[in-house]
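Printed here is protein_21.cif (mmCIF, C-alpha atoms and all ligand atoms):
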data_coords
#
loop_
_atom_site.label_atom_id
_atom_site.label_comp_id
_atom_site.auth_asym_id
_atom_site.auth_seq_id
_atom_site.Cartn_x
_atom_site.Cartn_y
_atom_site.Cartn_z
CA MET A 30 48.81 -111.84 -42.23
CA SER A 31 48.88 -109.71 -45.36
CA ILE A 32 46.22 -107.05 -45.87
CA GLN A 33 45.09 -108.81 -49.07
CA THR A 34 44.49 -112.05 -47.13
CA LEU A 35 42.62 -110.17 -44.40
CA ILE A 36 40.42 -108.49 -47.00
CA GLU A 37 39.68 -111.78 -48.74
CA GLN A 38 38.65 -113.26 -45.39
CA ALA A 39 36.42 -110.28 -44.60
CA THR A 40 34.64 -110.45 -47.96
CA ILE A 41 31.72 -112.61 -48.89
CA PRO A 42 33.28 -114.33 -51.92
CA PRO A 43 31.43 -114.32 -55.26
CA GLU A 44 29.62 -117.66 -55.15
CA SER A 45 30.77 -119.65 -58.13
CA GLY A 46 27.95 -120.20 -60.57
CA ALA A 47 25.48 -118.28 -58.38
CA VAL A 48 25.72 -115.16 -60.49
CA SER A 49 22.45 -113.62 -61.79
CA SER A 50 21.60 -115.24 -65.10
CA SER A 51 19.65 -112.27 -66.46
CA PRO A 52 21.27 -108.87 -66.95
CA PHE A 53 20.52 -106.08 -64.49
CA ASP A 54 17.15 -104.47 -65.30
CA ALA A 55 18.21 -100.85 -65.86
CA ASP A 56 14.84 -99.91 -67.35
CA SER A 57 12.86 -100.68 -64.20
CA PHE A 58 15.56 -98.93 -62.14
CA ASN A 59 15.19 -95.81 -64.27
CA GLU A 60 11.40 -95.95 -63.93
CA ALA A 61 11.72 -95.81 -60.16
CA VAL A 62 14.75 -93.62 -59.47
CA MET A 63 14.94 -89.95 -60.48
CA SER A 64 17.31 -89.43 -63.36
CA THR A 65 19.76 -87.11 -61.61
CA TYR A 66 22.69 -89.20 -62.86
CA ALA A 67 23.71 -90.33 -66.35
CA ARG A 68 24.78 -93.75 -65.13
CA PHE A 69 27.31 -96.01 -66.81
CA PRO A 70 25.64 -99.32 -67.76
CA LEU A 71 27.01 -101.24 -64.83
CA ALA A 72 25.44 -102.58 -61.61
CA LEU A 73 27.94 -103.40 -58.90
CA GLU A 74 27.16 -105.86 -56.17
CA ARG A 75 30.34 -106.86 -54.33
CA GLY A 76 33.79 -105.53 -53.52
CA ALA A 77 37.09 -106.51 -51.91
CA GLY A 78 40.10 -104.22 -51.60
CA CYS A 79 40.44 -102.38 -54.93
CA ARG A 80 38.26 -104.86 -56.84
CA VAL A 81 34.51 -104.79 -57.42
CA TRP A 82 32.21 -107.27 -59.18
CA ASP A 83 29.10 -106.52 -61.21
CA THR A 84 25.84 -108.47 -61.07
CA GLN A 85 27.10 -110.70 -63.89
CA GLY A 86 30.19 -111.66 -61.92
CA ARG A 87 32.63 -109.59 -64.00
CA GLU A 88 35.56 -108.16 -62.02
CA TYR A 89 36.77 -104.54 -62.24
CA LEU A 90 39.74 -102.69 -60.86
CA ASP A 91 38.19 -99.80 -58.93
CA PHE A 92 40.08 -96.54 -59.55
CA VAL A 93 37.03 -94.48 -58.57
CA ALA A 94 36.58 -95.62 -54.95
CA GLY A 95 33.05 -94.21 -54.82
CA ILE A 96 34.48 -90.86 -56.03
CA ALA A 97 37.55 -90.55 -53.81
CA THR A 98 35.62 -91.92 -50.84
CA CYS A 99 36.48 -95.58 -50.12
CA THR A 100 39.76 -94.76 -48.37
CA LEU A 101 40.39 -98.37 -47.33
CA GLY A 102 38.78 -99.92 -50.40
CA HIS A 103 35.95 -102.43 -50.07
CA ALA A 104 35.24 -104.83 -47.21
CA HIS A 105 38.37 -103.79 -45.31
CA PRO A 106 38.57 -105.88 -42.12
CA ALA A 107 38.93 -102.77 -39.92
CA MET A 108 35.68 -101.37 -41.34
CA VAL A 109 33.86 -104.70 -41.17
CA GLU A 110 34.89 -104.97 -37.52
CA ALA A 111 33.93 -101.38 -36.63
CA VAL A 112 30.56 -101.49 -38.45
CA THR A 113 29.67 -104.79 -36.77
CA ARG A 114 30.76 -103.67 -33.32
CA GLN A 115 28.99 -100.31 -33.55
CA ILE A 116 25.64 -101.59 -34.87
CA GLN A 117 25.55 -104.20 -32.10
CA LYS A 118 26.44 -101.67 -29.40
CA LEU A 119 24.67 -98.40 -30.27
CA HIS A 120 24.13 -96.70 -33.61
CA HIS A 121 22.03 -93.55 -33.11
CA VAL A 122 20.86 -91.46 -30.17
CA SER A 123 20.89 -87.80 -31.40
CA ASN A 124 23.02 -84.96 -30.13
CA LEU A 125 20.74 -84.42 -27.12
CA TYR A 126 23.36 -86.53 -25.32
CA TYR A 127 27.12 -86.93 -25.23
CA ILE A 128 28.39 -89.43 -27.83
CA PRO A 129 31.80 -90.82 -26.76
CA GLU A 130 32.75 -91.95 -30.30
CA GLN A 131 32.08 -88.40 -31.58
CA GLY A 132 34.42 -86.94 -28.98
CA GLU A 133 37.13 -89.49 -29.82
CA LEU A 134 36.89 -88.76 -33.55
CA ALA A 135 36.98 -85.00 -32.94
CA LYS A 136 40.10 -85.43 -30.77
CA TRP A 137 41.77 -87.54 -33.46
CA ILE A 138 41.11 -84.86 -36.08
CA ILE A 139 42.35 -82.10 -33.77
CA GLN A 140 45.53 -84.05 -32.94
CA HIS A 141 46.18 -84.59 -36.65
CA SER A 142 45.38 -81.12 -38.06
CA CYS A 143 45.45 -77.41 -37.32
CA ALA A 144 41.86 -77.54 -36.00
CA ASP A 145 40.71 -76.76 -32.47
CA ARG A 146 36.99 -77.59 -32.81
CA VAL A 147 34.87 -79.99 -34.90
CA PHE A 148 31.21 -80.04 -35.97
CA PHE A 149 29.83 -83.26 -37.50
CA CYS A 150 27.26 -83.61 -40.27
CA ASN A 151 26.57 -86.08 -43.08
CA SER A 152 28.10 -84.92 -46.35
CA GLY A 153 30.50 -82.53 -48.02
CA ALA A 154 27.78 -80.05 -48.96
CA GLU A 155 26.54 -79.96 -45.38
CA ALA A 156 30.06 -79.46 -44.07
CA ASN A 157 30.46 -76.49 -46.42
CA GLU A 158 27.04 -75.15 -45.42
CA ALA A 159 28.22 -75.25 -41.82
CA ALA A 160 31.42 -73.41 -42.78
CA ILE A 161 29.42 -70.75 -44.65
CA LYS A 162 27.10 -70.25 -41.67
CA LEU A 163 30.03 -70.07 -39.23
CA ALA A 164 31.80 -67.53 -41.45
CA ARG A 165 28.64 -65.42 -41.71
CA LYS A 166 28.08 -65.41 -37.96
CA TYR A 167 31.75 -64.51 -37.42
CA ALA A 168 31.38 -61.70 -39.97
CA HIS A 169 28.30 -60.28 -38.23
CA THR A 170 29.50 -60.64 -34.66
CA VAL A 171 33.27 -60.15 -34.87
CA LEU A 172 34.08 -58.37 -38.14
CA ASP A 173 30.97 -56.16 -37.89
CA ILE A 174 29.96 -56.75 -41.51
CA GLU A 175 26.26 -56.27 -42.23
CA LYS A 176 26.32 -58.08 -45.59
CA PRO A 177 29.25 -60.50 -45.69
CA ILE A 178 30.58 -61.72 -49.04
CA ILE A 179 32.38 -65.02 -49.48
CA LEU A 180 34.85 -65.27 -52.36
CA THR A 181 35.05 -68.61 -54.15
CA ALA A 182 36.90 -69.72 -57.29
CA ASN A 183 35.85 -70.28 -60.87
CA ALA A 184 35.74 -74.03 -61.68
CA SER A 185 35.33 -74.84 -57.99
CA PHE A 186 32.94 -77.42 -56.58
CA HIS A 187 31.42 -77.18 -53.11
CA GLY A 188 28.18 -79.20 -53.25
CA ARG A 189 24.54 -79.24 -54.39
CA THR A 190 22.59 -77.50 -51.63
CA LEU A 191 21.47 -74.00 -52.60
CA ALA A 192 24.24 -72.21 -50.71
CA THR A 193 27.00 -74.61 -51.79
CA VAL A 194 25.84 -74.72 -55.41
CA THR A 195 25.98 -70.91 -55.31
CA ALA A 196 29.49 -71.14 -53.83
CA THR A 197 30.38 -73.49 -56.71
CA GLY A 198 31.90 -71.33 -59.45
CA GLN A 199 30.41 -73.27 -62.38
CA SER A 200 27.17 -72.05 -63.94
CA LYS A 201 26.28 -75.51 -65.31
CA TYR A 202 25.44 -76.61 -61.74
CA GLN A 203 23.32 -73.50 -61.07
CA LYS A 204 21.11 -73.38 -64.17
CA TYR A 205 17.36 -73.52 -63.31
CA PHE A 206 17.94 -73.11 -59.57
CA ASP A 207 17.90 -69.35 -59.28
CA PRO A 208 17.34 -67.20 -57.39
CA LEU A 209 20.66 -68.27 -55.90
CA VAL A 210 21.84 -67.40 -52.40
CA PRO A 211 23.23 -63.86 -52.18
CA GLY A 212 26.67 -63.10 -50.79
CA PHE A 213 29.04 -64.99 -53.09
CA HIS A 214 31.53 -63.66 -55.62
CA TYR A 215 33.82 -65.64 -57.94
CA VAL A 216 37.47 -65.08 -58.72
CA PRO A 217 39.85 -67.03 -60.99
CA TYR A 218 41.74 -69.79 -59.11
CA ASN A 219 45.47 -69.29 -58.40
CA ASP A 220 45.24 -65.56 -59.29
CA ILE A 221 46.26 -63.37 -56.37
CA ASN A 222 45.59 -60.06 -58.13
CA ALA A 223 41.95 -61.06 -58.62
CA VAL A 224 41.57 -61.68 -54.88
CA GLU A 225 43.17 -58.36 -53.96
CA ALA A 226 40.99 -56.52 -56.47
CA ALA A 227 37.82 -58.23 -55.20
CA ILE A 228 38.56 -57.41 -51.56
CA SER A 229 39.09 -53.74 -52.32
CA GLU A 230 36.24 -53.40 -54.87
CA LEU A 231 33.65 -55.27 -52.80
CA ASP A 232 33.95 -52.83 -49.90
CA GLU A 233 30.84 -50.71 -50.44
CA GLY A 234 28.05 -49.74 -48.06
CA ASP A 235 27.17 -52.73 -45.90
CA TYR A 236 29.01 -55.19 -48.16
CA ARG A 237 32.51 -56.48 -47.41
CA VAL A 238 34.48 -59.64 -48.07
CA ALA A 239 34.33 -61.82 -44.94
CA ALA A 240 35.86 -65.08 -46.12
CA ILE A 241 37.57 -66.90 -48.99
CA LEU A 242 36.50 -70.49 -49.62
CA LEU A 243 38.82 -72.60 -51.80
CA GLU A 244 39.83 -76.16 -52.53
CA PRO A 245 43.60 -76.74 -51.95
CA LEU A 246 43.36 -78.78 -55.17
CA GLN A 247 40.29 -78.40 -57.37
CA GLY A 248 38.80 -81.87 -57.77
CA GLU A 249 35.63 -81.77 -59.87
CA GLY A 250 36.99 -78.74 -61.72
CA GLY A 251 39.63 -80.94 -63.41
CA VAL A 252 42.21 -81.98 -60.76
CA ARG A 253 44.02 -78.62 -60.55
CA PRO A 254 46.50 -78.26 -57.69
CA GLY A 255 46.70 -74.98 -55.80
CA ASP A 256 49.75 -72.83 -56.37
CA VAL A 257 52.01 -72.56 -53.29
CA ALA A 258 52.93 -68.88 -53.76
CA TYR A 259 49.26 -67.97 -54.32
CA PHE A 260 48.08 -69.68 -51.17
CA GLN A 261 50.89 -68.22 -49.07
CA LYS A 262 50.07 -64.72 -50.24
CA LEU A 263 46.40 -65.44 -49.59
CA ARG A 264 47.19 -66.41 -46.00
CA GLN A 265 49.10 -63.16 -45.59
CA ILE A 266 46.21 -61.10 -46.99
CA CYS A 267 43.75 -62.86 -44.67
CA ASP A 268 46.02 -62.24 -41.67
CA GLU A 269 46.24 -58.55 -42.55
CA THR A 270 42.54 -58.00 -43.30
CA GLY A 271 40.85 -60.41 -40.89
CA VAL A 272 39.16 -62.18 -43.82
CA LEU A 273 38.64 -65.86 -42.94
CA LEU A 274 40.48 -68.49 -44.99
CA ILE A 275 38.30 -71.57 -45.50
CA PHE A 276 39.50 -74.74 -47.25
CA ASP A 277 37.20 -77.32 -48.77
CA GLU A 278 39.13 -80.55 -48.10
CA VAL A 279 36.14 -82.75 -48.92
CA GLN A 280 37.89 -84.50 -51.82
CA VAL A 281 41.60 -83.88 -51.33
CA GLY A 282 41.71 -84.34 -47.54
CA MET A 283 41.97 -87.48 -45.39
CA GLY A 284 45.22 -88.70 -46.88
CA ARG A 285 44.26 -88.72 -50.56
CA SER A 286 46.96 -86.19 -51.46
CA GLY A 287 49.76 -88.13 -49.76
CA GLN A 288 49.56 -85.76 -46.79
CA LEU A 289 46.64 -86.01 -44.39
CA TRP A 290 45.33 -82.59 -45.52
CA GLY A 291 45.69 -80.84 -48.85
CA TYR A 292 46.80 -77.63 -47.13
CA GLU A 293 50.03 -79.37 -46.05
CA HIS A 294 51.15 -79.18 -49.69
CA LEU A 295 50.69 -75.42 -49.63
CA GLY A 296 52.51 -74.56 -46.41
CA VAL A 297 49.52 -72.62 -45.04
CA GLU A 298 46.84 -73.41 -42.48
CA PRO A 299 43.17 -72.45 -42.91
CA ASP A 300 40.97 -70.91 -40.20
CA ILE A 301 38.14 -73.26 -41.11
CA PHE A 302 38.16 -76.43 -43.21
CA THR A 303 35.77 -79.17 -44.20
CA SER A 304 36.01 -82.91 -44.75
CA ALA A 305 33.63 -85.65 -45.91
CA LYS A 306 34.26 -88.11 -48.78
CA GLY A 307 37.22 -90.12 -47.44
CA LEU A 308 36.61 -89.41 -43.76
CA GLY A 309 34.37 -92.41 -43.13
CA GLY A 310 35.81 -94.63 -45.85
CA GLY A 311 32.38 -94.74 -47.53
CA ILE A 312 29.89 -94.38 -44.69
CA PRO A 313 28.14 -90.97 -44.85
CA ILE A 314 29.89 -88.44 -42.63
CA GLY A 315 30.97 -84.82 -42.98
CA ALA A 316 32.86 -82.53 -40.66
CA MET A 317 33.63 -78.84 -40.33
CA MET A 318 36.73 -77.86 -38.39
CA SER A 319 37.73 -74.45 -37.08
CA LYS A 320 40.35 -72.67 -35.06
CA LYS A 321 39.29 -71.65 -31.57
CA PHE A 322 39.10 -67.92 -32.39
CA CYS A 323 36.32 -68.36 -34.96
CA ASP A 324 34.33 -71.01 -33.08
CA VAL A 325 31.37 -68.66 -32.55
CA PHE A 326 28.40 -71.06 -32.64
CA GLN A 327 26.14 -71.17 -29.58
CA PRO A 328 23.74 -74.02 -28.66
CA GLY A 329 20.79 -74.12 -31.07
CA GLU A 330 22.43 -72.15 -33.88
CA HIS A 331 23.37 -75.10 -36.03
CA ALA A 332 22.49 -78.78 -35.83
CA SER A 333 22.06 -82.14 -37.54
CA THR A 334 19.92 -85.08 -36.41
CA PHE A 335 22.21 -87.75 -37.83
CA GLY A 336 25.41 -85.71 -37.51
CA GLY A 337 28.19 -87.46 -35.59
CA ASN A 338 26.12 -90.44 -34.47
CA PRO A 339 27.85 -93.37 -32.73
CA PHE A 340 27.74 -95.51 -35.87
CA VAL A 341 29.46 -93.16 -38.31
CA CYS A 342 31.93 -91.81 -35.75
CA GLY A 343 32.91 -95.29 -34.56
CA VAL A 344 33.56 -96.36 -38.15
CA ALA A 345 35.32 -93.14 -39.18
CA LEU A 346 37.58 -93.43 -36.13
CA ALA A 347 38.52 -96.96 -37.24
CA VAL A 348 39.31 -95.58 -40.72
CA CYS A 349 41.49 -92.81 -39.22
CA GLN A 350 43.32 -95.19 -36.89
CA THR A 351 43.92 -97.67 -39.71
CA LEU A 352 45.36 -94.91 -41.92
CA GLU A 353 47.81 -94.13 -39.16
CA LYS A 354 48.59 -97.65 -37.94
CA GLU A 355 49.23 -99.07 -41.40
CA ASN A 356 51.22 -96.03 -42.54
CA ILE A 357 48.92 -95.66 -45.52
CA LEU A 358 50.14 -92.12 -46.33
CA GLN A 359 53.46 -93.66 -47.38
CA ASN A 360 51.58 -95.97 -49.75
CA VAL A 361 49.66 -92.97 -51.17
CA GLN A 362 52.94 -91.16 -51.87
CA ASP A 363 54.65 -94.19 -53.44
CA ARG A 364 51.69 -95.41 -55.48
CA GLY A 365 50.86 -91.84 -56.51
CA GLU A 366 54.40 -91.38 -57.82
CA GLN A 367 54.17 -94.68 -59.68
CA LEU A 368 50.80 -93.75 -61.19
CA ARG A 369 51.90 -90.25 -62.28
CA THR A 370 55.15 -91.57 -63.77
CA GLY A 371 53.19 -94.19 -65.71
CA LEU A 372 50.57 -91.69 -66.90
CA GLN A 373 53.29 -89.27 -67.96
CA ALA A 374 54.88 -92.04 -70.04
CA ILE A 375 51.47 -92.58 -71.65
CA ALA A 376 51.22 -88.82 -72.33
CA VAL A 377 54.62 -88.96 -74.04
CA LYS A 378 53.53 -91.99 -76.07
CA TYR A 379 50.30 -90.29 -77.26
CA PRO A 380 51.22 -86.57 -77.44
CA ASN A 381 48.34 -85.77 -79.80
CA PHE A 382 45.84 -87.30 -77.42
CA VAL A 383 46.98 -86.45 -73.87
CA SER A 384 47.88 -82.86 -73.03
CA GLU A 385 48.77 -83.04 -69.34
CA VAL A 386 48.98 -85.27 -66.27
CA ARG A 387 48.70 -83.61 -62.86
CA GLY A 388 47.79 -84.29 -59.26
CA TRP A 389 48.97 -85.08 -55.75
CA GLY A 390 49.24 -88.51 -54.16
CA LEU A 391 46.31 -90.61 -55.32
CA ILE A 392 44.22 -87.83 -56.87
CA ASN A 393 45.40 -87.47 -60.44
CA GLY A 394 43.99 -86.21 -63.71
CA MET A 395 44.88 -86.93 -67.31
CA GLU A 396 43.71 -84.11 -69.58
CA LEU A 397 42.88 -84.78 -73.22
CA GLN A 398 44.11 -82.44 -75.96
CA ALA A 399 41.55 -79.74 -76.76
CA ASP A 400 41.13 -80.87 -80.38
CA VAL A 401 40.49 -84.52 -79.47
CA GLN A 402 36.89 -85.35 -80.39
CA LEU A 403 36.40 -87.81 -77.54
CA THR A 404 35.39 -86.70 -74.05
CA ALA A 405 36.66 -87.99 -70.72
CA ALA A 406 33.38 -89.91 -70.40
CA ASP A 407 34.16 -91.74 -73.68
CA ILE A 408 37.51 -92.85 -72.23
CA VAL A 409 35.81 -93.90 -69.00
CA LYS A 410 33.36 -96.05 -71.04
CA ALA A 411 36.21 -97.68 -72.95
CA ALA A 412 38.06 -98.31 -69.68
CA ILE A 413 35.00 -100.06 -68.22
CA ASP A 414 35.14 -102.44 -71.18
CA ALA A 415 38.83 -103.00 -70.38
CA GLY A 416 37.93 -103.78 -66.74
CA VAL A 417 38.98 -100.56 -65.02
CA LEU A 418 36.67 -98.03 -63.35
CA LEU A 419 37.66 -94.36 -63.83
CA VAL A 420 35.70 -91.12 -63.43
CA PRO A 421 35.67 -87.88 -65.44
CA ALA A 422 36.54 -84.56 -63.75
CA GLY A 423 34.93 -82.20 -66.23
CA PRO A 424 34.59 -82.81 -69.99
CA LYS A 425 38.26 -83.37 -70.83
CA VAL A 426 39.93 -84.76 -67.71
CA VAL A 427 40.02 -88.44 -66.73
CA ARG A 428 40.40 -88.77 -62.95
CA PHE A 429 42.26 -91.54 -61.09
CA VAL A 430 41.25 -91.82 -57.42
CA PRO A 431 41.77 -95.46 -56.31
CA PRO A 432 41.46 -96.61 -52.70
CA LEU A 433 44.50 -95.50 -50.69
CA ILE A 434 45.48 -99.16 -50.11
CA VAL A 435 46.02 -99.77 -53.85
CA THR A 436 48.99 -102.04 -54.56
CA GLU A 437 51.93 -101.67 -56.94
CA ALA A 438 50.58 -104.50 -59.11
CA GLU A 439 47.14 -102.87 -59.30
CA ILE A 440 48.63 -99.54 -60.44
CA ASP A 441 50.56 -101.44 -63.14
CA LEU A 442 47.38 -103.17 -64.28
CA ALA A 443 45.47 -99.89 -64.49
CA LEU A 444 48.29 -98.26 -66.47
CA GLN A 445 48.36 -101.17 -68.94
CA ALA A 446 44.60 -100.87 -69.38
CA VAL A 447 44.77 -97.10 -69.99
CA ASP A 448 47.55 -97.58 -72.56
CA GLN A 449 45.47 -100.25 -74.28
CA VAL A 450 42.32 -98.06 -74.21
CA ILE A 451 44.11 -95.08 -75.78
CA ALA A 452 45.78 -97.32 -78.37
CA THR A 453 42.34 -98.66 -79.32
CA VAL A 454 40.49 -95.32 -79.48
CA THR A 455 43.30 -93.62 -81.43
CA ALA A 456 43.74 -96.51 -83.89
C1 LIG B 1 32.19 -84.01 -53.46
C2 LIG B 1 32.54 -82.66 -53.02
C3 LIG B 1 31.64 -81.87 -52.28
C4 LIG B 1 30.23 -82.31 -52.01
O1 LIG B 1 30.18 -83.42 -51.17
P1 LIG B 1 28.79 -84.22 -51.03
O2 LIG B 1 29.11 -85.24 -49.97
O3 LIG B 1 28.47 -84.79 -52.36
O4 LIG B 1 27.77 -83.24 -50.56
C5 LIG B 1 32.06 -80.64 -51.84
N1 LIG B 1 33.32 -80.19 -52.10
C6 LIG B 1 34.20 -80.91 -52.81
C7 LIG B 1 35.56 -80.38 -53.04
C8 LIG B 1 33.84 -82.17 -53.30
O5 LIG B 1 34.71 -82.87 -54.04
#
Rewrite the structure from the file as structure tokens, please.
Amino acid sequence: MSIQTLIEQATIPPESGAVSSSPFDADSFNEAVMSTYARFPLALERGAGCRVWDTQGREYLDFVAGIATCTLGHAHPAMVEAVTRQIQKLHHVSNLYYIPEQGELAKWIIQHSCADRVFFCNSGAEANEAAIKLARKYAHTVLDIEKPIILTANASFHGRTLATVTATGQSKYQKYFDPLVPGFHYVPYNDINAVEAAISELDEGDYRVAAILLEPLQGEGGVRPGDVAYFQKLRQICDETGVLLIFDEVQVGMGRSGQLWGYEHLGVEPDIFTSAKGLGGGIPIGAMMSKKFCDVFQPGEHASTFGGNPFVCGVALAVCQTLEKENILQNVQDRGEQLRTGLQAIAVKYPNFVSEVRGWGLINGMELQADVQLTAADIVKAAIDAGVLLVPAGPKVVRFVPPLIVTEAEIDLALQAVDQVIATVTA
């Protein structure tokens, strides 16, 4: 049976005529929920594959996937099965006991990456927090650094907790939240001289660089792929100095790039890396992986109540196994190529509007020319009207991150819509 048929069977179909007659009440929502998001005027209530429906029954092509998260799209039969099985069997017990599903998921990750050990938590920020804590303990106990510094990149994004928002090299996320966490220093991305200079300059008194935390491809910062030569030189510097190399794979990892991990595009392996977004296909899970040599945590030094519970691990394992069984990485490569080729044709068609198209696999960005008055959010709004969900990555980049099961026909539809949107806004 085709995957589309399976998905249709697993989905509760939109009941014909049973659609809410009154529009979604955004005002009462905004009265109740803190306004941490500038939401698009859309309330979604149902999904199947790469399609979602709003409360009025209107269908959209979902090229956001919950921000690069719904690996298998919506209502995928493997997820429906795993969620149902796990909630009926056992969903939460705490890490006071062994959780077989957690062990199985850790083994899957280890077999499919350079990692030797895994720690589970609930989000990308928490996974990065865990990596920062592990690096600091390693610095104190192995590198003998009293005040360890972690280098991160300008335009990076690592999360919203105090430590990860400090690690994030964008001041717009930090405003009003100072005093920030000490021990971070920013360098330009893809600039090896800046890293070398920072390591030698930040060696004073008790301070020393202990780790470098980077995204293999910067996601929120505008879909900017890492440079191969830069990362290879970085690995060499880390090997020579003992500085830990940490990769934030929260957005680019779990197959989104066309390889399972973003670092596979760079020909280097990290000492520590993190995952979250796509790992559970949309259920909340994060993970921090390390090599054996820097696995320095002892019982009681780090923890999470929910982390790695039977429910999320059972479902994430089903997502991982489905990725493998259905050879979804091949689809990511093929559909990614199709999408980039199509977007590049659009860039050629509207040279005064689009400046660049870039990305790996199914994480791609279309950057608008600097002198274009419209922002990426304006394009996203126009695309919603045309029936396609997209997401900005910074003020001038429109990001395309569909579910990894997206079909050839769906990519074509999205490309037609984008062409039509640009034709309309430039007319
Ligand atoms: C989304 C993201 C995070 C934060 O993940 P949350 O689950 O929102 O905490 C961290 N790093 C990168 C690269 C991300 O894209």
* Restricting the calculation to all atoms listed in the file, which member of A:Glu155, A:Glu110, A:Asp56, A:Glu133 is positioned closest to ligand LIG 1 (chain B)? -> A:Glu155
* Asked: From the set A:Gln280, A:Gln117, A:Gln402, A:Thr453, which residue has the shortest atom-to-atom contact distance to ligand LIG 1 (chain B), counting all atoms listed in the file?
  ->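 Distance minimum relative to ligand LIG 1 (chain B) lands on A:Gln280.
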* To do: Grab me every residue within 8 Å of ligand LIG 1 (chain B), counting all atoms listed in the file, and send it over as a list of chain:residue names.
  => A:Ile96, A:Asn151, A:Ser152, A:Gly153, A:Ala154, A:Glu155, A:Ala156, A:Asn157, A:Ser185, A:Phe186, A:His187, A:Gly188, A:Arg189, A:Thr190, A:Thr193, A:Glu244, A:Gln247, A:Gly248, A:Glu249, A:Asp277, A:Glu278, A:Val279, A:Gln280, A:Val281, A:Ala305, A:Lys306, A:Pro313, A:Gly315
* Name the closest residue to His103 (chain A) among the candidates A:Glu298, A:Glu330, A:Asp220, A:Asp91; distances are taken between atoms, counting only C-alpha atoms. =>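 Closest to His103 (chain A), using only C-alpha atoms: A:Asp91.
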* Residue nearest Phe149 (chain A) among A:Ala55, A:Ala39, A:Ala61, A:Ala135 (counting only C-alpha atoms) ->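 Among A:Ala55, A:Ala39, A:Ala61, A:Ala135, it is A:Ala135 that comes nearest to Phe149 (chain A).
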* To do: Just give me the gap between CA of His169 (chain A) and CA of Ile228 (chain A) in Å, one decimal is fine.
  => 17.1 Å
* Asked: Could you list as an MDAnalysis selection string every residue that has an atom within 9 Å of (38.7, -97.0, -42.3), using the file's coordinates and counting all atoms listed in the file?
  -> chainID A and resid 99:102 105:108 111 307:311 344:352
* Asked: For Arg369 (chain A), which residue out of A:Lys354, A:Lys201, A:His121, A:Arg387 is the nearest one, using all atoms listed in the file?
  ->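 Distance minimum relative to Arg369 (chain A) lands on A:Arg387.
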* To do: Kindly give the distance, in Å, that separates CA of Gln38 (chain A) and CA of Val109 (chain A), rounded to a single decimal.
  =>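 CA of Gln38 (chain A) sits 10.7 Å away from CA of Val109 (chain A).
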* Show which residues sit within 8 Å of Pro177 (chain A), as an MDAnalysis selection string. Count only C-alpha atoms, and ignore same-chain residues fewer than 4 positions away. => chainID A and resid 165 168:169 212 236:239
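Going from CA of Val62 (chain A) over to CA of Gly416 (chain A), you cover 26.3 Å.
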Please extract region 197-213 of chain A and write it out with C-alpha atoms, as an mmCIF file, in the first residue's frame.
data_model
loop_
_atom_site.group_PDB
_atom_site.id
_atom_site.type_symbol
_atom_site.label_atom_id
_atom_site.label_comp_id
_atom_site.auth_asym_id
_atom_site.auth_seq_id
_atom_site.Cartn_x
_atom_site.Cartn_y
_atom_site.Cartn_z
ATOM 1 C CA THR A 197 23.127 32.396 20.869
ATOM 2 C CA GLY A 198 25.183 35.024 19.039
ATOM 3 C CA GLN A 199 22.276 37.410 18.335
ATOM 4 C CA SER A 200 21.657 40.303 20.711
ATOM 5 C CA LYS A 201 17.965 40.583 19.749
ATOM 6 C CA TYR A 202 17.300 37.375 21.720
ATOM 7 C CA GLN A 203 19.243 38.613 24.773
ATOM 8 C CA LYS A 204 17.818 42.110 25.241
ATOM 9 C CA TYR A 205 16.226 42.589 28.712
ATOM 10 C CA PHE A 206 17.526 39.275 30.059
ATOM 11 C CA ASP A 207 20.885 40.357 31.409
ATOM 12 C CA PRO A 208 22.885 39.659 33.404
ATOM 13 C CA LEU A 209 23.661 36.845 30.982
ATOM 14 C CA VAL A 210 25.589 33.695 31.857
ATOM 15 C CA PRO A 211 29.350 34.278 31.913
ATOM 16 C CA GLY A 212 31.774 32.153 29.915
ATOM 17 C CA PHE A 213 30.706 32.695 26.304
#
